[in-house]
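Undergrad: What follows is a structure written as structure tokens; I'll ask about it next.
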Amino acid sequence: MTTVRTRFAPSPTGLLHVGGIRTALFGWLLARQQGGQFVLRFEDTDKAREVAGAREHLIECLRTLGLLYDEGPDIGGPFGPYTQSQRLDHYQQWAQKLIAKGRAYADPYSAEQVQTFRDQARADKQAFLYRNHRPQQPPIWDGTTPLRFKSDPKGYAWHDAVMGDLQTGPEVIDDFILIKSDGYPTYNFAHIIDDLEMEITHIMRGQEFLASLPNYLNLYEALEIRPPVLATMPHILAENGNKKLSKRDGAKDVLDYIRDGYLPETLVNFIASLGWNDGTEQELFTVEELIAKFSLDHVQRSGARFDEKRLEWMNGAKIRELPLAELYARSQSYWPATATAADDSYKRQVLGLLQERLKFLAEIPQLSAFFFTDLAVSPELISTNKQLQKYAASELAGWLQTSRDSLAGSDFSSPDLTDRLNALLETTGQKPGVLFSLIRIATTQSPASPALADTMALLGKDRCLARIAAQLAAFATDA
RNA sequence: GGCCUCAUCGUCUAUCGGUUAGGACGCCAGGUUCUCAUCCUGGCAAUUGGAGUUCGAUUCUCCAUGAGGUCACCA
């Protein structure tokens, strides 16, 4: 019994978005579940498309989500190097083996000539097959032209761990390029060599590779190696349209979500449940549960749409599950500038009141503003309030004055405030909707807040009375 | 155009021949002596279409339709 070894093999050509990370997540889950290894490998064979900083970004995404790899470019491992551009000698060796076997040959055509063939095929409404133009007597390969695989066209029937049993005819098999004229291997060649040498047991990848799979099977045969378990993942579709989720369509990358205050465990849970379920009605999973329950045969075969609303809901649910101390520790970088002077104990209590209404941590500044600074009196809060807009300023001022007089005698503990607020309903003869809205607006200058007594208790007596005074002054000028 | 894949509420999904087709998000309504939110209750909402197999099809087969992928010296 061999140990399970999975890999995530991105090319450093851009930022990693949620669609791309799912392949990594599933590979990681499987490796962890089976007690195997998860490998990171950079497929940097296209130097033209390489984006500076992409490697660091990919590593940061994996680390942030907790998808720690056991072997990789920056940490090494027994099968290194883990960067394809540093493995050119490996590909060269295997290429020579294929040449020796008569299964690889130099491409004698110029790019323009090949393009002509391609255009012709298109004009004939046919799929382009290079092998239809396979040269009779190709020149010796000197490394300055592409090296092509000499395919052996035949039909295949194979099993995909996600898609099930698949089959194709010989018409999809072609002489693809193994090594480009710049000396770098193509993905098609390099990944097969690397997965073999790194002893990868399960290959997970997006369905865009499904069409080339028969070609890989053909190459596996030529190399006389047994293919790993193949698992094809459906695409994650963008919110609008049916296109594959991509950066161009405004898809946020993983770190964007982290910056907005989505918890890593939310992202992991959400991405896992986009296209996978355990067969039950469970929606929320801890990472440990995912590791225990994940299985390739429960991966959905159809594409899933990314639903931000659902992600928000899930993040809110995860935030509420967190112990306050843990949530507070994670909230550090989200507090508004006005909170820097506040002490930890106070901020922690504020967070306690906010916890049940946060959807993501970046909402903290907006929801907590009035806890840290005195907001200016806003007449619109009253004029747009359904309960209050029908009363004259003098009436409101009267009730607020009565309230102030009572509150001035309070110790501002939450229970005492509750008692006094309830008593004030009697004294003023107003409904809670009216009186409490009035006091809330006076003390917070915000349209919404946590429960009134709790909010006032935390704000403290001095601050609340001062704010009520400011509101009364505004009423006076108004009248 | 060739080849391949897919198809259940608006969205994510359960069902592996027999269910009043279930759950979740969102939405709507109500409740939790105030707002926003949480929580609770209820409501709206789906098996793409047509044949066939079967006592019985969401489920199996075929066709159609729709969607996606692929046909690069990109991965």
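Just remember, in the structure tokens the first chain shown is A, the second B, etc., residues are 1-based per chain, and ligands are 1-based in the order shown.
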With a distance threshold of 9 Å and counting only C-alpha atoms (C1' of nucleotides), extract the residues of chain B near chain A and express them as a count of residues only.

TA: 30

Undergrad: Using only C-alpha atoms (C1' of nucleotides), which residues sit within 12 Å of C27 in chain B once same-chain residues fewer than 6 positions away are excluded, as number ranges by chain?

TA: B: 10-11, 43-45

Undergrad: Save out the residues we just selected, N, CA and C atoms (P, O5', C5', C4', C3', O3' and C1' of nucleotides), as an mmCIF file, in the first residue's frame.

TA:
data_model
loop_
_atom_site.group_PDB
_atom_site.id
_atom_site.type_symbol
_atom_site.label_atom_id
_atom_site.label_comp_id
_atom_site.auth_asym_id
_atom_site.auth_seq_id
_atom_site.Cartn_x
_atom_site.Cartn_y
_atom_site.Cartn_z
ATOM 1 P P G B 10 -35.924 28.403 -9.971
ATOM 2 O "O5'" G B 10 -34.802 29.502 -9.784
ATOM 3 C "C5'" G B 10 -34.376 30.299 -10.904
ATOM 4 C "C4'" G B 10 -33.303 31.239 -10.443
ATOM 5 C "C3'" G B 10 -32.118 30.546 -9.784
ATOM 6 O "O3'" G B 10 -31.143 30.191 -10.747
ATOM 7 C "C1'" G B 10 -32.927 32.249 -8.355
ATOM 8 P P U B 11 -30.313 28.846 -10.561
ATOM 9 O "O5'" U B 11 -29.413 29.225 -9.305
ATOM 10 C "C5'" U B 11 -28.334 30.149 -9.440
ATOM 11 C "C4'" U B 11 -27.541 30.173 -8.158
ATOM 12 C "C3'" U B 11 -27.102 28.803 -7.658
ATOM 13 O "O3'" U B 11 -25.909 28.364 -8.294
ATOM 14 C "C1'" U B 11 -28.107 29.973 -5.887
ATOM 15 P P G B 43 -45.033 26.196 5.698
ATOM 16 O "O5'" G B 43 -45.090 27.492 4.781
ATOM 17 C "C5'" G B 43 -46.324 28.164 4.561
ATOM 18 C "C4'" G B 43 -46.119 29.328 3.630
ATOM 19 C "C3'" G B 43 -45.461 28.980 2.308
ATOM 20 O "O3'" G B 43 -46.403 28.492 1.375
ATOM 21 C "C1'" G B 43 -44.417 30.895 3.226
ATOM 22 P P C B 44 -45.931 27.510 0.217
ATOM 23 O "O5'" C B 44 -45.231 28.494 -0.821
ATOM 24 C "C5'" C B 44 -45.954 29.597 -1.375
ATOM 25 C "C4'" C B 44 -45.034 30.436 -2.224
ATOM 26 C "C3'" C B 44 -44.185 29.644 -3.201
ATOM 27 O "O3'" C B 44 -44.921 29.368 -4.390
ATOM 28 C "C1'" C B 44 -42.832 31.231 -2.066
ATOM 29 P P A B 45 -44.997 27.860 -4.893
ATOM 30 O "O5'" A B 45 -43.541 27.672 -5.523
ATOM 31 C "C5'" A B 45 -43.057 28.589 -6.485
ATOM 32 C "C4'" A B 45 -41.564 28.473 -6.586
ATOM 33 C "C3'" A B 45 -41.061 27.036 -6.735
ATOM 34 O "O3'" A B 45 -41.165 26.587 -8.070
ATOM 35 C "C1'" A B 45 -39.768 28.194 -5.124
#

Undergrad: Kindly indicate which residue among A:Thr266, A:Thr83, A:Ser295, A:Gln113 lies nearest to Leu30 in chain A, using only C-alpha atoms for the distances.

TA: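 Once distances to Leu30 in chain A are computed over only C-alpha atoms, the minimum belongs to A:Ser295.
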
Undergrad: Show which residues sit within 12 Å of C63 in chain B, as a short mmCIF file (atom, residue, chain, number, x, y, z; two decimals) with N, CA and C atoms (P, O5', C5', C4', C3', O3' and C1' of nucleotides), in the first residue's frame. Count only C-alpha atoms (C1' of nucleotides), and ignore same-chain residues fewer than 3 positions away.

TA:
data_model
loop_
_atom_site.label_atom_id
_atom_site.label_comp_id
_atom_site.auth_asym_id
_atom_site.auth_seq_id
_atom_site.Cartn_x
_atom_site.Cartn_y
_atom_site.Cartn_z
P G B 49 -38.84 18.91 -18.00
"O5'" G B 49 -38.97 18.79 -19.58
"C5'" G B 49 -39.62 19.82 -20.33
"C4'" G B 49 -39.59 19.46 -21.79
"C3'" G B 49 -40.03 18.04 -22.11
"O3'" G B 49 -41.44 17.92 -22.20
"C1'" G B 49 -38.02 18.50 -23.24
P G B 50 -42.12 16.49 -21.90
"O5'" G B 50 -41.68 15.62 -23.14
"C5'" G B 50 -42.02 16.03 -24.46
"C4'" G B 50 -41.47 15.05 -25.47
"C3'" G B 50 -41.66 13.59 -25.12
"O3'" G B 50 -42.97 13.14 -25.41
"C1'" G B 50 -39.44 13.93 -25.84
P A B 51 -43.41 11.68 -24.89
"O5'" A B 51 -42.78 10.76 -26.01
"C5'" A B 51 -42.74 9.36 -25.84
"C4'" A B 51 -41.66 8.77 -26.71
"C3'" A B 51 -41.20 7.41 -26.21
"O3'" A B 51 -42.06 6.39 -26.67
"C1'" A B 51 -39.32 8.77 -26.49
P G B 52 -42.86 5.53 -25.56
"O5'" G B 52 -41.75 4.46 -25.17
"C5'" G B 52 -41.12 3.71 -26.22
"C4'" G B 52 -39.76 3.26 -25.78
"C3'" G B 52 -39.73 2.33 -24.58
"O3'" G B 52 -40.09 1.01 -24.92
"C1'" G B 52 -38.01 3.95 -24.39
#

Undergrad: If you measure from CA of Arg205 in chain A to CA of Ile99 in chain A, what distance in Å do you get, rounded to one decimal?

TA: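 Distance between the two atoms: 28.7 Å.
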
Undergrad: List every residue of range 119-362 of chain A that DSSP, applied to the backbone, labels as strand (DSSP E or B), and write the result as JSON, numbers by chain.

TA: {"A": [147, 148, 149, 156, 157, 158, 159, 160, 164, 165, 166, 167, 168, 177, 178, 179, 185, 202, 203, 204, 205, 206, 229, 230, 231, 232, 233, 236, 237, 244, 253, 276, 299, 304, 305]}

Undergrad: Would you output that residue set with N, CA and C atoms, as a short mmCIF file (atom, residue, chain, number, x, y, z; two decimals), in the first residue's frame?

TA:
data_model
loop_
_atom_site.label_atom_id
_atom_site.label_comp_id
_atom_site.auth_asym_id
_atom_site.auth_seq_id
_atom_site.Cartn_x
_atom_site.Cartn_y
_atom_site.Cartn_z
N LEU A 147 10.30 19.83 -29.89
CA LEU A 147 10.35 18.36 -29.93
C LEU A 147 8.93 17.86 -29.74
N ARG A 148 8.49 17.04 -30.68
CA ARG A 148 7.10 16.55 -30.59
C ARG A 148 7.03 15.08 -30.23
N PHE A 149 5.94 14.77 -29.56
CA PHE A 149 5.64 13.38 -29.21
C PHE A 149 5.13 12.67 -30.45
N TYR A 156 -9.45 5.29 -25.99
CA TYR A 156 -9.19 4.99 -24.58
C TYR A 156 -10.48 4.94 -23.79
N ALA A 157 -10.49 4.07 -22.82
CA ALA A 157 -11.56 4.07 -21.83
C ALA A 157 -10.85 4.07 -20.49
N TRP A 158 -11.18 5.02 -19.66
CA TRP A 158 -10.47 5.10 -18.39
C TRP A 158 -11.43 5.59 -17.30
N HIS A 159 -10.93 5.52 -16.09
CA HIS A 159 -11.79 5.92 -14.98
C HIS A 159 -11.28 7.21 -14.36
N ASP A 160 -12.21 8.10 -14.12
CA ASP A 160 -11.88 9.35 -13.44
C ASP A 160 -12.58 9.30 -12.08
N GLY A 164 -16.17 9.64 -13.33
CA GLY A 164 -16.61 8.28 -13.61
C GLY A 164 -15.88 7.69 -14.82
N ASP A 165 -16.56 6.79 -15.51
CA ASP A 165 -15.93 6.14 -16.67
C ASP A 165 -16.03 7.02 -17.89
N LEU A 166 -14.89 7.20 -18.53
CA LEU A 166 -14.83 8.07 -19.70
C LEU A 166 -14.23 7.32 -20.87
N GLN A 167 -14.58 7.75 -22.08
CA GLN A 167 -13.93 7.16 -23.24
C GLN A 167 -13.88 8.11 -24.42
N THR A 168 -12.85 7.92 -25.21
CA THR A 168 -12.68 8.75 -26.40
C THR A 168 -12.13 7.89 -27.53
N ILE A 177 3.57 19.01 -28.44
CA ILE A 177 4.95 19.42 -28.18
C ILE A 177 5.39 19.01 -26.79
N LEU A 178 6.56 18.39 -26.72
CA LEU A 178 7.13 17.99 -25.43
C LEU A 178 8.03 19.09 -24.90
N ILE A 179 8.92 19.55 -25.80
CA ILE A 179 9.87 20.59 -25.41
C ILE A 179 9.81 21.71 -26.44
N PRO A 185 10.10 22.63 -21.21
CA PRO A 185 9.08 21.64 -21.56
C PRO A 185 7.71 22.29 -21.54
N HIS A 202 -2.31 10.91 -6.79
CA HIS A 202 -3.61 11.42 -7.23
C HIS A 202 -3.43 12.79 -7.88
N ILE A 203 -3.93 12.92 -9.09
CA ILE A 203 -3.87 14.20 -9.78
C ILE A 203 -5.26 14.81 -9.81
N MET A 204 -5.38 15.99 -9.19
CA MET A 204 -6.65 16.70 -9.28
C MET A 204 -6.42 17.94 -10.12
N ARG A 205 -7.32 18.17 -11.03
CA ARG A 205 -7.19 19.39 -11.84
C ARG A 205 -8.53 19.74 -12.45
N GLY A 206 -8.58 20.94 -12.99
CA GLY A 206 -9.82 21.46 -13.56
C GLY A 206 -10.19 20.75 -14.85
N VAL A 229 -4.07 8.09 -10.02
CA VAL A 229 -5.52 8.27 -9.99
C VAL A 229 -5.82 9.65 -10.57
N LEU A 230 -6.76 9.70 -11.48
CA LEU A 230 -7.09 10.97 -12.14
C LEU A 230 -8.42 11.47 -11.61
N ALA A 231 -8.45 12.73 -11.22
CA ALA A 231 -9.68 13.32 -10.70
C ALA A 231 -9.89 14.68 -11.34
N THR A 232 -10.97 14.80 -12.07
CA THR A 232 -11.26 16.04 -12.78
C THR A 232 -12.33 16.84 -12.05
N MET A 233 -11.97 18.08 -11.71
CA MET A 233 -12.90 18.94 -10.98
C MET A 233 -13.68 19.84 -11.93
N ILE A 236 -15.65 26.38 -11.13
CA ILE A 236 -16.50 27.25 -10.33
C ILE A 236 -16.84 28.41 -11.24
N LEU A 237 -18.11 28.67 -11.38
CA LEU A 237 -18.54 29.70 -12.31
C LEU A 237 -18.67 31.06 -11.62
N LYS A 244 -16.23 30.53 -16.59
CA LYS A 244 -15.36 30.07 -15.52
C LYS A 244 -14.94 31.29 -14.71
N ASP A 253 -9.36 37.51 -5.28
CA ASP A 253 -8.49 36.41 -4.92
C ASP A 253 -8.66 36.11 -3.44
N TRP A 276 -18.94 19.91 -3.34
CA TRP A 276 -18.75 18.69 -2.56
C TRP A 276 -19.72 18.71 -1.39
N VAL A 299 -17.68 14.40 -4.97
CA VAL A 299 -17.46 15.68 -5.64
C VAL A 299 -18.44 15.79 -6.79
N ALA A 304 -20.24 24.77 -10.29
CA ALA A 304 -20.99 25.46 -9.25
C ALA A 304 -20.77 26.96 -9.35
N ARG A 305 -21.79 27.70 -9.03
CA ARG A 305 -21.70 29.14 -9.09
C ARG A 305 -21.30 29.69 -7.73
#

Undergrad: Which of these residues is nearest to Leu351 in chain A, using only C-alpha atoms: A:Thr402, A:Ser410, A:Thr455, A:Thr2?

TA: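 Comparing A:Thr402, A:Ser410, A:Thr455, A:Thr2 against Leu351 in chain A, the winner is A:Thr455.
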
Undergrad: Work out how far apart CA of Leu267 in chain A and CA of Val350 in chain A are and give it in Å to one decimal.

TA: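 Straight-line distance from CA of Leu267 in chain A to CA of Val350 in chain A works out to 25.5 Å.
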
Undergrad: Range 294-326 of chain A: which residues are alpha helix (DSSP H) by DSSP, as a ChimeraX atom specification?

TA: /A:308-321,324-326

Undergrad: Find the residue from A:Val114, A:Ile291, A:Leu296, A:Leu425 that sits nearest to Ala161 in chain A; use only C-alpha atoms when measuring.

TA: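 Distance minimum relative to Ala161 in chain A lands on A:Leu296.
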